[in-house]
$ cat target.cif   # mmCIF, C-alpha atoms and all ligand atoms
data_protein
loop_
_atom_site.label_atom_id
_atom_site.label_comp_id
_atom_site.auth_asym_id
_atom_site.auth_seq_id
_atom_site.Cartn_x
_atom_site.Cartn_y
_atom_site.Cartn_z
CA MET G 1 0.00 0.00 0.00
CA GLN G 2 1.22 3.48 -0.79
CA SER G 3 1.62 6.26 1.76
CA THR G 4 -1.62 7.90 2.80
CA GLN G 5 0.24 11.11 3.55
CA ALA G 6 -1.06 13.78 1.17
CA PRO G 7 1.68 15.42 -0.88
CA GLU G 8 0.96 18.79 0.76
CA THR G 9 1.32 21.68 -1.63
CA THR G 10 0.75 25.39 -1.92
CA ASP G 11 1.40 25.23 -5.65
CA ASP G 12 -1.57 26.86 -7.35
CA THR G 13 -0.74 25.28 -10.70
CA PRO G 14 -3.22 22.48 -11.18
CA MET G 15 -1.58 19.07 -10.94
CA GLN G 16 -1.52 17.61 -14.44
CA ILE G 17 -0.62 14.25 -15.91
CA VAL G 18 -1.72 14.80 -19.51
CA ALA G 19 -1.31 18.22 -21.16
CA PRO G 20 -4.04 19.65 -23.45
CA ASP G 21 -2.03 18.53 -26.50
CA GLY G 22 -2.13 14.90 -25.32
CA ARG G 23 1.48 14.78 -24.10
CA ARG G 24 2.20 13.02 -20.81
CA VAL G 25 3.65 15.42 -18.25
CA THR G 26 6.50 14.28 -16.02
CA SER G 27 7.27 16.47 -13.03
CA GLU G 28 8.26 16.25 -9.41
CA ARG G 29 4.83 17.59 -8.54
CA ASN G 30 2.91 14.83 -10.23
CA ALA G 31 5.32 11.99 -9.36
CA PRO G 32 3.32 10.69 -6.35
CA TYR G 33 0.16 10.85 -8.42
CA ARG G 34 1.68 9.20 -11.50
CA ALA G 35 2.47 6.26 -9.27
CA ARG G 36 -1.27 5.92 -8.69
CA LEU G 37 -1.74 5.05 -12.36
CA ALA G 38 0.44 1.96 -12.17
CA GLY G 39 -2.62 -0.26 -11.77
CA LEU G 40 -4.22 0.97 -14.99
CA ASP G 41 -3.78 -0.99 -18.21
CA ASP G 42 -4.50 -0.07 -21.85
CA ASP G 43 -8.11 -1.22 -21.54
CA ASP G 44 -8.63 1.08 -18.57
CA LEU G 45 -7.36 4.04 -20.60
CA ARG G 46 -9.64 3.14 -23.51
CA GLY G 47 -12.42 2.71 -20.96
CA PHE G 48 -11.98 6.28 -19.69
CA TYR G 49 -12.28 7.53 -23.25
CA ARG G 50 -15.37 5.42 -23.94
CA ASP G 51 -16.98 6.58 -20.69
CA MET G 52 -16.42 10.25 -21.50
CA MET G 53 -17.69 9.86 -25.07
CA LEU G 54 -20.85 8.06 -23.94
CA VAL G 55 -21.75 10.55 -21.22
CA ARG G 56 -21.16 13.38 -23.67
CA ARG G 57 -23.56 11.71 -26.09
CA PHE G 58 -26.07 11.31 -23.29
CA ASP G 59 -25.66 15.01 -22.55
CA THR G 60 -26.31 15.99 -26.17
CA GLU G 61 -29.44 13.83 -26.29
CA ALA G 62 -30.78 15.17 -23.00
CA THR G 63 -30.24 18.78 -24.10
CA ALA G 64 -32.07 18.04 -27.37
CA LEU G 65 -34.94 16.34 -25.51
CA GLN G 66 -35.38 19.44 -23.37
CA ARG G 67 -35.53 21.58 -26.51
CA GLN G 68 -38.18 19.26 -27.91
CA GLY G 69 -40.31 19.79 -24.81
CA GLU G 70 -39.74 16.28 -23.44
CA LEU G 71 -37.89 17.51 -20.32
CA ALA G 72 -38.77 20.46 -18.11
CA LEU G 73 -35.14 21.37 -17.56
CA TYR G 74 -31.69 19.85 -17.94
CA ALA G 75 -28.29 20.66 -16.39
CA PRO G 76 -25.57 19.82 -18.94
CA LEU G 77 -22.22 18.38 -17.88
CA LEU G 78 -20.51 19.29 -21.17
CA GLY G 79 -16.82 19.93 -20.45
CA GLN G 80 -16.78 18.26 -17.05
CA GLU G 81 -16.48 14.67 -18.28
CA ALA G 82 -12.88 14.17 -17.12
CA ALA G 83 -13.49 15.44 -13.59
CA GLN G 84 -16.50 13.15 -13.24
CA ILE G 85 -15.25 10.00 -14.93
CA GLY G 86 -11.77 10.28 -13.40
CA SER G 87 -13.06 10.73 -9.86
CA GLY G 88 -16.00 8.32 -10.28
CA ARG G 89 -13.80 5.51 -11.57
CA ALA G 90 -11.58 5.94 -8.49
CA LEU G 91 -14.46 4.92 -6.18
CA SER G 92 -14.77 1.42 -4.75
CA PRO G 93 -18.16 -0.33 -4.79
CA GLN G 94 -18.71 0.22 -1.05
CA ASP G 95 -17.90 3.97 -1.15
CA MET G 96 -20.81 6.41 -1.03
CA ALA G 97 -21.19 9.45 -3.29
CA PHE G 98 -23.29 12.57 -2.68
CA PRO G 99 -23.82 14.47 -5.95
CA SER G 100 -25.22 17.90 -6.80
CA TYR G 101 -27.39 17.92 -9.95
CA ARG G 102 -25.01 17.63 -12.92
CA GLU G 103 -23.03 14.59 -11.86
CA HIS G 104 -24.34 12.44 -14.72
CA GLY G 105 -20.86 11.09 -15.42
CA VAL G 106 -20.36 10.02 -11.82
CA ALA G 107 -23.84 8.43 -11.83
CA TYR G 108 -22.80 6.40 -14.85
CA THR G 109 -19.68 5.14 -13.06
CA ARG G 110 -21.93 4.05 -10.17
CA GLY G 111 -23.96 1.88 -12.52
CA VAL G 112 -27.01 4.15 -12.71
CA GLU G 113 -28.75 3.70 -16.06
CA LEU G 114 -28.23 7.05 -17.80
CA PRO G 115 -31.81 7.35 -19.12
CA HIS G 116 -33.12 6.95 -15.57
CA LEU G 117 -31.43 10.23 -14.59
CA LEU G 118 -33.94 12.04 -16.76
CA GLN G 119 -36.96 11.05 -14.68
CA LEU G 120 -36.05 13.91 -12.36
CA PHE G 121 -35.66 16.37 -15.23
CA ARG G 122 -38.98 15.28 -16.75
CA GLY G 123 -40.60 15.86 -13.39
CA VAL G 124 -41.95 12.36 -12.86
CA ASP G 125 -39.68 11.34 -9.99
CA HIS G 126 -37.51 12.87 -7.29
CA GLY G 127 -34.62 10.68 -8.39
CA GLY G 128 -34.96 7.64 -10.58
CA TRP G 129 -32.50 5.25 -8.99
CA ASP G 130 -31.97 3.29 -5.79
CA SER G 131 -29.38 5.38 -3.97
CA GLU G 132 -28.37 2.60 -1.60
CA ALA G 133 -27.97 -0.04 -4.31
CA HIS G 134 -25.77 2.27 -6.40
CA ARG G 135 -24.09 3.92 -3.41
CA PHE G 136 -25.01 7.18 -5.17
CA HIS G 137 -27.32 9.54 -3.34
CA LEU G 138 -30.19 11.33 -5.08
CA TYR G 139 -29.34 14.66 -6.71
CA THR G 140 -29.31 17.68 -4.40
CA LEU G 141 -30.51 20.99 -5.78
CA VAL G 142 -29.89 22.99 -2.63
CA ILE G 143 -26.37 24.25 -3.19
CA GLY G 144 -23.77 22.77 -0.84
CA SER G 145 -26.16 21.20 1.68
CA HIS G 146 -25.13 17.66 0.79
CA THR G 147 -21.52 18.33 1.81
CA LEU G 148 -22.92 18.23 5.35
CA HIS G 149 -24.90 15.07 4.59
CA ALA G 150 -21.74 13.48 3.22
CA THR G 151 -19.67 14.50 6.22
CA GLY G 152 -22.31 13.21 8.62
CA TYR G 153 -22.56 9.98 6.65
CA ALA G 154 -18.77 9.65 6.79
CA MET G 155 -18.82 10.12 10.55
CA GLY G 156 -21.42 7.34 10.69
CA VAL G 157 -19.24 5.05 8.58
CA GLN G 158 -16.37 5.77 10.96
CA ARG G 159 -18.53 4.90 14.00
CA ASP G 160 -19.69 1.71 12.30
CA GLY G 161 -16.05 0.60 12.28
CA LEU G 162 -15.78 0.64 8.49
CA VAL G 163 -12.58 2.68 8.35
CA GLY G 164 -8.98 1.62 8.81
CA THR G 165 -9.67 -2.10 9.37
CA GLY G 166 -7.25 -3.12 6.64
CA ASP G 167 -10.00 -5.00 4.80
CA THR G 168 -10.13 -3.26 1.42
CA THR G 169 -13.55 -4.71 0.64
CA GLN G 170 -14.97 -3.17 3.82
CA ASP G 171 -13.17 0.11 4.43
CA THR G 172 -15.38 2.88 3.11
CA ALA G 173 -14.89 6.44 1.93
CA VAL G 174 -17.52 9.07 1.14
CA ILE G 175 -17.31 11.72 -1.56
CA ALA G 176 -19.34 14.90 -2.08
CA TYR G 177 -19.48 16.77 -5.39
CA PHE G 178 -20.16 20.49 -5.51
CA GLY G 179 -19.32 23.55 -7.55
CA ASP G 180 -17.19 26.65 -7.09
CA GLY G 181 -20.28 28.68 -6.19
CA ALA G 182 -21.14 26.22 -3.43
CA THR G 183 -17.96 27.16 -1.59
CA SER G 184 -19.64 30.49 -0.80
CA GLN G 185 -22.34 28.65 1.13
CA GLY G 186 -21.83 28.32 4.87
CA ASP G 187 -22.65 24.63 4.61
CA VAL G 188 -19.41 23.88 2.78
CA SER G 189 -17.31 25.65 5.42
CA GLU G 190 -19.21 23.79 8.13
CA ALA G 191 -18.62 20.51 6.33
CA LEU G 192 -14.88 21.23 6.13
CA GLY G 193 -14.75 22.09 9.85
CA PHE G 194 -16.65 18.99 10.94
CA ALA G 195 -14.75 16.74 8.56
CA ALA G 196 -11.41 18.06 9.83
CA VAL G 197 -11.94 17.80 13.57
CA ASN G 198 -13.67 14.43 13.32
CA ASN G 199 -11.12 13.04 10.88
CA ALA G 200 -14.10 12.00 8.77
CA PRO G 201 -13.43 9.68 5.81
CA VAL G 202 -14.80 12.15 3.28
CA VAL G 203 -13.49 13.66 0.06
CA LEU G 204 -14.88 17.09 -0.75
CA PHE G 205 -14.64 17.27 -4.53
CA CYS G 206 -15.16 20.74 -5.95
CA GLN G 207 -15.62 21.03 -9.71
CA ASN G 208 -14.55 24.59 -10.30
CA ASN G 209 -16.25 25.09 -13.66
CA GLN G 210 -15.56 28.85 -13.41
CA TRP G 211 -19.17 30.01 -13.14
CA ALA G 212 -21.95 29.86 -10.55
CA ILE G 213 -24.64 30.54 -13.14
CA SER G 214 -23.52 34.10 -14.12
CA VAL G 215 -21.16 34.76 -11.18
CA PRO G 216 -17.48 34.02 -11.89
CA THR G 217 -15.16 32.30 -9.41
CA SER G 218 -13.30 35.61 -8.97
CA LYS G 219 -16.45 36.90 -7.21
CA GLN G 220 -16.52 33.89 -4.90
CA SER G 221 -13.03 33.90 -3.42
CA ARG G 222 -9.88 36.01 -3.11
CA VAL G 223 -7.75 32.86 -2.91
CA PRO G 224 -7.70 29.73 -5.07
CA LEU G 225 -10.48 27.52 -3.77
CA TYR G 226 -8.30 24.56 -2.82
CA ARG G 227 -6.46 26.77 -0.29
CA ARG G 228 -9.64 27.07 1.73
CA GLY G 229 -9.06 23.51 2.88
CA HIS G 230 -5.71 24.41 4.42
CA GLY G 231 -7.42 26.82 6.80
CA PHE G 232 -9.43 23.93 8.18
CA GLY G 233 -6.42 21.63 8.42
CA VAL G 234 -7.66 19.51 5.53
CA PRO G 235 -5.10 18.26 2.98
CA SER G 236 -6.01 19.99 -0.25
CA VAL G 237 -4.96 19.73 -3.85
CA ARG G 238 -5.73 21.57 -7.06
CA VAL G 239 -5.89 19.35 -10.13
CA ASP G 240 -6.47 19.89 -13.82
CA GLY G 241 -10.12 18.93 -14.00
CA ASN G 242 -9.94 18.39 -17.75
CA ASP G 243 -7.27 15.74 -17.31
CA VAL G 244 -9.03 12.47 -16.57
CA LEU G 245 -5.84 10.78 -15.35
CA ALA G 246 -5.00 13.61 -12.93
CA CYS G 247 -8.54 13.47 -11.55
CA TYR G 248 -8.40 9.70 -11.21
CA ALA G 249 -5.00 9.78 -9.48
CA ALA G 250 -5.81 12.58 -7.04
CA THR G 251 -9.16 11.03 -6.10
CA THR G 252 -7.63 7.57 -5.69
CA GLU G 253 -5.07 9.04 -3.30
CA ALA G 254 -7.69 10.95 -1.30
CA LEU G 255 -10.12 8.03 -1.09
CA GLU G 256 -7.40 5.70 0.11
CA ARG G 257 -6.44 8.14 2.82
CA ALA G 258 -10.08 8.33 3.91
CA ARG G 259 -10.58 4.56 3.96
CA THR G 260 -7.40 3.93 5.89
CA GLY G 261 -8.23 6.40 8.65
CA GLY G 262 -6.26 9.39 7.35
CA GLY G 263 -9.27 11.71 7.29
CA PRO G 264 -10.69 14.17 4.77
CA THR G 265 -9.30 15.76 1.61
CA PHE G 266 -10.41 18.77 -0.39
CA ILE G 267 -9.92 18.49 -4.14
CA GLU G 268 -10.41 21.42 -6.46
CA ALA G 269 -10.74 20.18 -10.04
CA VAL G 270 -10.23 23.14 -12.35
CA THR G 271 -12.55 22.64 -15.30
CA TYR G 272 -15.05 24.53 -17.44
CA ARG G 273 -18.76 24.32 -18.02
CA MET G 274 -18.77 24.48 -21.81
CA GLY G 275 -22.55 24.59 -22.06
CA ALA G 276 -25.22 26.59 -20.29
CA HIS G 277 -25.78 26.34 -16.54
CA THR G 278 -29.11 24.73 -17.35
CA THR G 279 -31.30 24.77 -20.42
CA SER G 280 -32.96 27.90 -18.94
CA ASP G 281 -29.70 29.85 -19.01
CA ASP G 282 -28.08 31.91 -21.77
CA PRO G 283 -24.32 32.07 -21.13
CA THR G 284 -23.77 34.54 -23.99
CA ARG G 285 -25.22 37.15 -21.63
CA TYR G 286 -22.27 36.96 -19.26
CA ARG G 287 -19.23 35.38 -20.88
CA THR G 288 -17.16 35.96 -23.98
CA SER G 289 -16.63 33.75 -26.99
CA ALA G 290 -12.85 34.22 -26.49
CA GLU G 291 -13.18 32.54 -23.10
CA GLU G 292 -15.17 29.69 -24.61
CA ASP G 293 -12.57 29.25 -27.36
CA TYR G 294 -9.78 29.11 -24.76
CA TRP G 295 -11.50 26.24 -23.00
CA ARG G 296 -12.57 24.48 -26.19
CA ASP G 297 -8.85 24.06 -26.88
CA ARG G 298 -8.62 22.28 -23.53
CA ASP G 299 -11.48 19.86 -24.19
CA PRO G 300 -11.06 16.91 -21.80
CA ILE G 301 -11.98 14.32 -24.40
CA ASP G 302 -9.66 15.58 -27.15
CA ARG G 303 -6.54 15.28 -25.07
CA LEU G 304 -7.17 11.65 -24.15
CA ARG G 305 -8.00 10.82 -27.77
CA ILE G 306 -4.67 12.28 -28.88
CA LEU G 307 -2.82 10.39 -26.16
CA LEU G 308 -4.49 7.09 -27.07
CA ARG G 309 -3.76 7.56 -30.76
CA THR G 310 -0.15 8.62 -30.14
CA GLU G 311 0.42 5.56 -27.99
CA GLY G 312 -1.15 3.24 -30.57
CA LEU G 313 -4.15 2.37 -28.41
CA TRP G 314 -6.88 3.83 -30.62
CA ASP G 315 -7.68 3.97 -34.32
CA ASP G 316 -10.43 4.87 -36.79
CA GLU G 317 -12.03 1.45 -36.47
CA ALA G 318 -12.32 1.77 -32.67
CA GLU G 319 -13.72 5.27 -33.08
CA ALA G 320 -16.35 4.04 -35.55
CA ALA G 321 -17.40 1.19 -33.23
CA LEU G 322 -17.77 3.65 -30.37
CA ALA G 323 -19.88 5.94 -32.56
CA VAL G 324 -22.28 3.03 -33.18
CA GLU G 325 -22.46 2.41 -29.43
CA ALA G 326 -23.13 6.12 -28.79
CA ASP G 327 -25.92 6.14 -31.40
CA ALA G 328 -27.55 3.16 -29.68
CA LEU G 329 -27.34 4.96 -26.34
CA GLY G 330 -28.92 8.06 -27.88
CA GLU G 331 -31.79 5.97 -29.23
CA ARG G 332 -32.24 4.28 -25.85
CA VAL G 333 -32.37 7.64 -24.05
CA ARG G 334 -34.99 9.04 -26.46
CA THR G 335 -37.20 5.96 -26.35
CA TYR G 336 -37.03 5.72 -22.58
CA VAL G 337 -37.88 9.36 -21.94
CA ARG G 338 -40.77 9.44 -24.42
CA GLY G 339 -42.17 6.28 -22.87
CA LEU G 340 -42.27 7.62 -19.31
CA GLY G 341 -45.83 7.76 -18.05
CA ARG G 342 -47.31 10.38 -15.75
CA PRO G 343 -47.31 9.28 -12.13
CA ALA G 344 -50.43 9.90 -10.06
CA ALA G 345 -50.04 13.32 -8.39
CA SER G 346 -50.81 11.64 -5.06
CA SER G 347 -47.55 9.65 -5.36
CA MET G 348 -45.71 12.75 -4.11
CA PHE G 349 -46.85 11.73 -0.64
CA ASP G 350 -45.31 8.28 -0.90
CA HIS G 351 -41.92 7.70 0.69
CA VAL G 352 -41.86 11.04 2.54
CA TYR G 353 -41.35 8.98 5.68
CA ALA G 354 -40.37 5.35 5.91
CA THR G 355 -43.55 4.66 7.91
CA GLU G 356 -46.99 6.27 7.87
CA ASN G 357 -47.03 9.78 9.33
CA SER G 358 -50.21 11.51 10.46
CA LEU G 359 -49.30 14.88 8.92
CA VAL G 360 -48.59 13.31 5.55
CA THR G 361 -51.79 11.29 5.77
CA GLU G 362 -53.70 14.51 6.42
CA ASP G 363 -52.01 16.22 3.45
CA ARG G 364 -52.76 13.26 1.18
CA THR G 365 -56.44 13.33 2.16
CA TRP G 366 -56.65 17.10 1.65
CA PHE G 367 -55.06 16.78 -1.77
CA ALA G 368 -57.42 13.95 -2.81
CA ASP G 369 -60.41 16.12 -1.83
CA TYR G 370 -58.97 19.08 -3.71
CA GLU G 371 -58.49 16.99 -6.87
CA ALA G 372 -61.99 15.58 -6.52
CA SER G 373 -63.40 19.10 -6.28
CA PHE G 374 -62.51 19.58 -9.96
CA THR G 375 -64.11 16.38 -11.18
CA ASP G 376 -67.23 17.27 -9.10
CA GLN G 377 -67.60 20.30 -11.34
CA GLY G 378 -67.93 17.98 -14.26
CA GLY G 379 -64.50 17.89 -15.81
CA ALA G 380 -61.55 15.60 -15.30
CA ARG G 381 -58.36 17.64 -15.22
C1 LIG V 1 -28.94 27.28 -1.24
C2 LIG V 1 -29.17 27.67 -2.67
N1 LIG V 1 -28.99 28.95 -3.06
C3 LIG V 1 -29.18 29.30 -4.34
C4 LIG V 1 -29.59 28.38 -5.27
C5 LIG V 1 -29.81 28.78 -6.72
N2 LIG V 1 -28.72 28.22 -7.55
C6 LIG V 1 -28.92 27.11 -8.31
S1 LIG V 1 -27.53 26.66 -9.13
C7 LIG V 1 -26.65 27.95 -8.49
C8 LIG V 1 -25.20 28.16 -8.86
C9 LIG V 1 -24.34 27.04 -8.38
O1 LIG V 1 -23.04 27.19 -8.85
P1 LIG V 1 -21.90 26.18 -8.50
O2 LIG V 1 -21.95 25.84 -7.05
O3 LIG V 1 -20.63 26.74 -9.02
O4 LIG V 1 -22.29 24.84 -9.28
P2 LIG V 1 -22.43 24.57 -10.83
O5 LIG V 1 -23.90 24.73 -11.15
O6 LIG V 1 -21.59 25.54 -11.56
O7 LIG V 1 -22.01 23.17 -11.03
C10 LIG V 1 -27.45 28.72 -7.64
C11 LIG V 1 -26.99 29.94 -6.95
C12 LIG V 1 -29.79 27.04 -4.82
N3 LIG V 1 -30.17 26.07 -5.65
N4 LIG V 1 -29.56 26.71 -3.53
#

$ encode --input "target.cif" --output "structure tokens" --more "lines below"
Ligand SMILES: Cc1ncc(C[n+]2csc(CCOP(=O)(O)OP(=O)(O)O)c2C)c(N)n1
Amino acid sequence: MQSTQAPETTDDTPMQIVAPDGRRVTSERNAPYRARLAGLDDDDLRGFYRDMMLVRRFDTEATALQRQGELALYAPLLGQEAAQIGSGRALSPQDMAFPSYREHGVAYTRGVELPHLLQLFRGVDHGGWDSEAHRFHLYTLVIGSHTLHATGYAMGVQRDGLVGTGDTTQDTAVIAYFGDGATSQGDVSEALGFAAVNNAPVVLFCQNNQWAISVPTSKQSRVPLYRRGHGFGVPSVRVDGNDVLACYAATTEALERARTGGGPTFIEAVTYRMGAHTTSDDPTRYRTSAEEDYWRDRDPIDRLRILLRTEGLWDDEAEAALAVEADALGERVRTYVRGLGRPAASSMFDHVYATENSLVTEDRTWFADYEASFTDQGGAR
């Protein structure tokens, strides 16, 4: 087992393993992280590429479905594929993840069927997956609140004796995903404080995609976000969030420290939201095309494609086969979403509590009477 001591750094340059032009980077800084890649083989590298391409295709389909009126809203992940696939693939089956609302790539790595994610965005379900079975919590729309849920969950895991036992199939880490804007919420600071003093096995994974809707990161913090962790005594690292290998390596290191009793880590993955905040947003109102061009040149998928091709691991035939797979996924997403029925409105009262609750029962009865009042007037709604 490798050292669980975080390579502490105050170097603001994001740790990188693959440069935007597909070259592998060798530096003293990334040496401890490069060692984390030793367990990956060629198939794993091709797998990262396939994962990113498929979730991007899912993203394109979901955005189109919203435009066609099939979804009420959608939060695109375009541009954040490396941060999500790299960190998601670092998780062990027993680890628990707490996402925000655009972690579609992480959901995919947890075995959630991608089309099922859209039940929430179509408004027919609060989630669409079994969070315990996938060890992937339901999406949280309240910014930053789930960093506290994750920290509390991690403290529970610790008290259940599932940390530092030496049994790698048992020892459990927790990860919370949130954005740069979330760091301005008190909840995130509270989560860092609790995680630090309780040595909680939690990784706080911030995808700094540069914008909190229309507010840039420069209006959120006077210091690079990862340095916030230092103030709480939490080992913190800034990684290139468009470099899937850097994200995988940094998250692997942090999760191992958590599972082995070394406590929390704060990771800032520097990335870019290439699309709109949601399908209700118009980013042209607040950012420049020069900025978008800058980041398009740093597309997370392009750099891995170049690396794979340069190293002889990928060719036109493989690309064509993947395109067929992506088309099939697109078709599956469209068919699934269009086939989703309307749940009975009364189902919103189900599962509020694990057991019957008198207040909910009262609400359900009131709602049934209210609905009936319309049909009494002669028309079904
Ligand atoms: C507590 C709270 N305040 C405000 C909002 C409205 N809101 C929704 S998304 C968002 C911006 C979040 O930005 P960031 O944390 O950077 O995440 P990103 O969407 O960029 O991934 C805000 C302010 C909210 N959902 N919850």

$ closest_atom_pairs --input "target.cif" --of "chain G" --to "ligand LIG 1 (chain V)" --cutoff "8 Å" --atoms "only C-alpha atoms and all ligand atoms" --output "JSON lines"
{"residue": "G:Ala75", "atom": "CA", "partner": "V:LIG1", "partner_atom": "O5", "distance": 8.0}
{"residue": "G:Ser100", "atom": "CA", "partner": "V:LIG1", "partner_atom": "O7", "distance": 7.5}
{"residue": "G:Tyr101", "atom": "CA", "partner": "V:LIG1", "partner_atom": "O7", "distance": 7.6}
{"residue": "G:Arg102", "atom": "CA", "partner": "V:LIG1", "partner_atom": "O7", "distance": 6.6}
{"residue": "G:Leu141", "atom": "CA", "partner": "V:LIG1", "partner_atom": "N3", "distance": 5.1}
{"residue": "G:Val142", "atom": "CA", "partner": "V:LIG1", "partner_atom": "N4", "distance": 3.8}
{"residue": "G:Ile143", "atom": "CA", "partner": "V:LIG1", "partner_atom": "N4", "distance": 4.0}
{"residue": "G:Gly144", "atom": "CA", "partner": "V:LIG1", "partner_atom": "C1", "distance": 6.9}
{"residue": "G:Ser145", "atom": "CA", "partner": "V:LIG1", "partner_atom": "C1", "distance": 7.3}
{"residue": "G:Phe178", "atom": "CA", "partner": "V:LIG1", "partner_atom": "O2", "distance": 5.8}
{"residue": "G:Gly179", "atom": "CA", "partner": "V:LIG1", "partner_atom": "O2", "distance": 3.5}
{"residue": "G:Asp180", "atom": "CA", "partner": "V:LIG1", "partner_atom": "O3", "distance": 3.9}
{"residue": "G:Gly181", "atom": "CA", "partner": "V:LIG1", "partner_atom": "O2", "distance": 3.4}
{"residue": "G:Ala182", "atom": "CA", "partner": "V:LIG1", "partner_atom": "O2", "distance": 3.7}
{"residue": "G:Thr183", "atom": "CA", "partner": "V:LIG1", "partner_atom": "O2", "distance": 6.9}
{"residue": "G:Gln185", "atom": "CA", "partner": "V:LIG1", "partner_atom": "C1", "distance": 7.1}
{"residue": "G:Gln207", "atom": "CA", "partner": "V:LIG1", "partner_atom": "O7", "distance": 6.9}
{"residue": "G:Asn208", "atom": "CA", "partner": "V:LIG1", "partner_atom": "O3", "distance": 6.6}
{"residue": "G:Asn209", "atom": "CA", "partner": "V:LIG1", "partner_atom": "O6", "distance": 5.8}
{"residue": "G:Gln210", "atom": "CA", "partner": "V:LIG1", "partner_atom": "O3", "distance": 7.0}
{"residue": "G:Trp211", "atom": "CA", "partner": "V:LIG1", "partner_atom": "O6", "distance": 5.3}
{"residue": "G:Ala212", "atom": "CA", "partner": "V:LIG1", "partner_atom": "O1", "distance": 3.3}
{"residue": "G:Ile213", "atom": "CA", "partner": "V:LIG1", "partner_atom": "C8", "distance": 4.9}
{"residue": "G:Thr217", "atom": "CA", "partner": "V:LIG1", "partner_atom": "O3", "distance": 7.8}
{"residue": "G:Arg273", "atom": "CA", "partner": "V:LIG1", "partner_atom": "O6", "distance": 7.2}
{"residue": "G:His277", "atom": "CA", "partner": "V:LIG1", "partner_atom": "O5", "distance": 5.9}

$ atom_distance --input "target.cif" --atom1 "atom CA of G:Val157" --atom2 "atom CA of G:Val106"
21.0 Å

$ closest_residue --input "target.cif" --among "G:Gln170, G:Ser87, G:Ser236, G:Ser214" --to "G:Thr10" --atoms "only C-alpha atoms"
G:Ser236

$ atom_distance --input "target.cif" --atom1 "atom CA of G:Ala344" --atom2 "atom CA of G:Tyr74"
22.6 Å

$ atom_distance --input "target.cif" --atom1 "atom CA of G:Phe266" --atom2 "atom CA of G:Gln94"
20.3 Å

$ residues_near_point --input "target.cif" --point "(-20.3, 12.8, 11.3)" --cutoff "12 Å" --atoms "only C-alpha atoms" --output "MDAnalysis selection string"
chainID G and resid 147:160 174 190:202 263:264

$ closest_atom_pairs --input "target.cif" --of "stretch 218-282 of chain G" --to "stretch 51-65 of chain G" --cutoff "10 Å" --atoms "only C-alpha atoms" --output "CSV"
residue,atom,partner,partner_atom,distance
G:Val244,CA,G:Met52,CA,9.2
G:Gly275,CA,G:Thr63,CA,9.9
G:Thr278,CA,G:Thr63,CA,9.1
G:Thr279,CA,G:Thr63,CA,7.1

$ residues_around --input "target.cif" --residues "G:Val239" --least-positions-apart "4" --cutoff "8 Å" --atoms "all atoms listed in the file" --output "list in words"
Thr13, Pro14, Met15, Gln16, Ala246, Cys247, Ala250, Ile267, Glu268, Ala269 and Val270 of chain G

$ residues_around --input "target.cif" --residues "stretch 130-137 of chain G" --least-positions-apart "5" --cutoff "10 Å" --atoms "all atoms listed in the file" --output "PyMOL selection string"
chain G and resi 92-100+106-112+146+149-150+174-176

$ residues_around --input "target.cif" --residues "stretch 41-49 of chain G" --least-positions-apart "3" --cutoff "10 Å" --atoms "all atoms listed in the file" --output "number ranges by chain"
G: 37-38, 52-54, 81-82, 85-86, 89, 244-245, 248, 300-305, 307-308, 311-314, 318, 322
